[in-house]
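Here the structure is laid out as structure tokens; the discussion comes afterwards.
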Amino acid sequence: MAVPKRKMSRSNTRSRRANWKATVVATVACPQCKSPKLPHAACSVCGTYNGRQVLEV
């Protein structure tokens with residue numbers, strides 16, 4: 001297992017940790033009911049995907 005040879009400074013540690021960010025979940029508007037939904041997935045409100053009814057809601 002790799003072990004650091006020297007102690008990492010505070011500025012290097014904090015600049016490395018600054019890149020750990022949470023990303024916003026991308027949503028698109030459903031073309032049928034205009035509610036937000038995940039892209040490339042069926043709408044959970046109206047049950048349509050690609051212009052077709054695929055879920056019974």
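Labeling convention for the structure tokens: chains A, B, ... as they appear, residues from 1 per chain, ligands from 1 in order of appearance.
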query: Could you pull out the strand (DSSP E or B) residues of chain A from DSSP and send them as a PyMOL selection string?
result: chain A and resi 28-29+36-37+48-49+52-53
Written selection (N, CA, C and O atoms) as a tab-separated table (two decimals), in the first residue's frame:
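The resulting file, out_26.tsv, is reproduced below:
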chain	number	residue	atom	x	y	z
A	28	VAL	N	-34.89	17.61	-17.00
A	28	VAL	CA	-35.48	18.22	-18.19
A	28	VAL	C	-36.99	18.24	-17.98
A	28	VAL	O	-37.53	17.48	-17.18
A	29	ALA	N	-37.66	19.11	-18.72
A	29	ALA	CA	-39.12	19.19	-18.61
A	29	ALA	C	-39.75	18.10	-19.46
A	29	ALA	O	-39.34	17.85	-20.59
A	36	PRO	N	-40.60	18.30	-14.06
A	36	PRO	CA	-39.18	17.92	-14.20
A	36	PRO	C	-38.99	16.42	-14.07
A	36	PRO	O	-39.62	15.77	-13.23
A	37	LYS	N	-38.13	15.87	-14.93
A	37	LYS	CA	-37.85	14.44	-14.90
A	37	LYS	C	-36.39	14.24	-15.26
A	37	LYS	O	-35.74	15.12	-15.78
A	48	THR	N	-45.00	8.77	-19.51
A	48	THR	CA	-44.66	8.73	-20.92
A	48	THR	C	-43.16	8.76	-21.12
A	48	THR	O	-42.41	9.27	-20.29
A	49	TYR	N	-42.73	8.18	-22.24
A	49	TYR	CA	-41.34	8.24	-22.65
A	49	TYR	C	-41.30	8.26	-24.17
A	49	TYR	O	-41.91	7.39	-24.81
A	52	ARG	N	-44.64	8.08	-26.03
A	52	ARG	CA	-45.49	6.91	-25.85
A	52	ARG	C	-45.80	6.71	-24.37
A	52	ARG	O	-45.00	7.06	-23.51
A	53	GLN	N	-46.93	6.09	-24.10
A	53	GLN	CA	-47.31	5.74	-22.73
A	53	GLN	C	-46.63	4.43	-22.38
A	53	GLN	O	-46.92	3.39	-22.98
I need the alpha helix (DSSP H) residues of range 10-43 of chain A per DSSP on the backbone, written as a compact mmCIF listing (two decimals) with N, CA and C atoms, in the first residue's frame.
# COMPACT_ATOMS: atom_id res chain seq x y z
N ARG A 10 -1.19 22.22 4.64
CA ARG A 10 -2.60 22.55 4.73
C ARG A 10 -3.13 23.09 3.41
N SER A 11 -2.34 23.93 2.76
CA SER A 11 -2.82 24.52 1.50
C SER A 11 -2.96 23.46 0.42
N ASN A 12 -2.04 22.51 0.35
CA ASN A 12 -2.16 21.44 -0.63
C ASN A 12 -3.35 20.53 -0.31
N THR A 13 -3.55 20.24 0.97
CA THR A 13 -4.67 19.40 1.37
C THR A 13 -5.99 20.08 1.05
N ARG A 14 -6.09 21.35 1.38
CA ARG A 14 -7.35 22.07 1.15
C ARG A 14 -7.62 22.30 -0.32
N SER A 15 -6.59 22.53 -1.12
CA SER A 15 -6.82 22.71 -2.56
C SER A 15 -7.21 21.39 -3.22
N ARG A 16 -6.71 20.27 -2.70
CA ARG A 16 -7.13 18.97 -3.22
C ARG A 16 -8.58 18.68 -2.84
N ARG A 17 -8.94 18.99 -1.60
CA ARG A 17 -10.30 18.74 -1.15
C ARG A 17 -11.31 19.69 -1.78
Nearest-residue call for Ala26 in chain A, choices A:Val3, A:Pro39, A:Met8, A:Cys46, using only C-alpha atoms: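 Closest candidate: A:Pro39.
Take CA of Cys33 in chain A and CA of Gly51 in chain A: the distance between them is 11.4 Å.
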message: One number please: CA of Asn19 in chain A to CA of Leu38 in chain A, in Å, one decimal.
response: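 It comes out at 25.0 Å.
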Which residues, written as a compact mmCIF listing (two decimals) with C-alpha atoms, in the first residue's frame, have at least one atom at most 8 Å from Val57 in chain A, with only C-alpha atoms counted and residues fewer than 5 positions away on the same chain left out?
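Result file follows (result.txt):
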# COMPACT_ATOMS: atom_id res chain seq x y z
CA SER A 44 -42.94 9.46 -13.08
CA VAL A 45 -45.95 11.82 -13.16
CA CYS A 46 -47.61 10.96 -16.48
CA GLY A 47 -45.72 7.76 -17.40
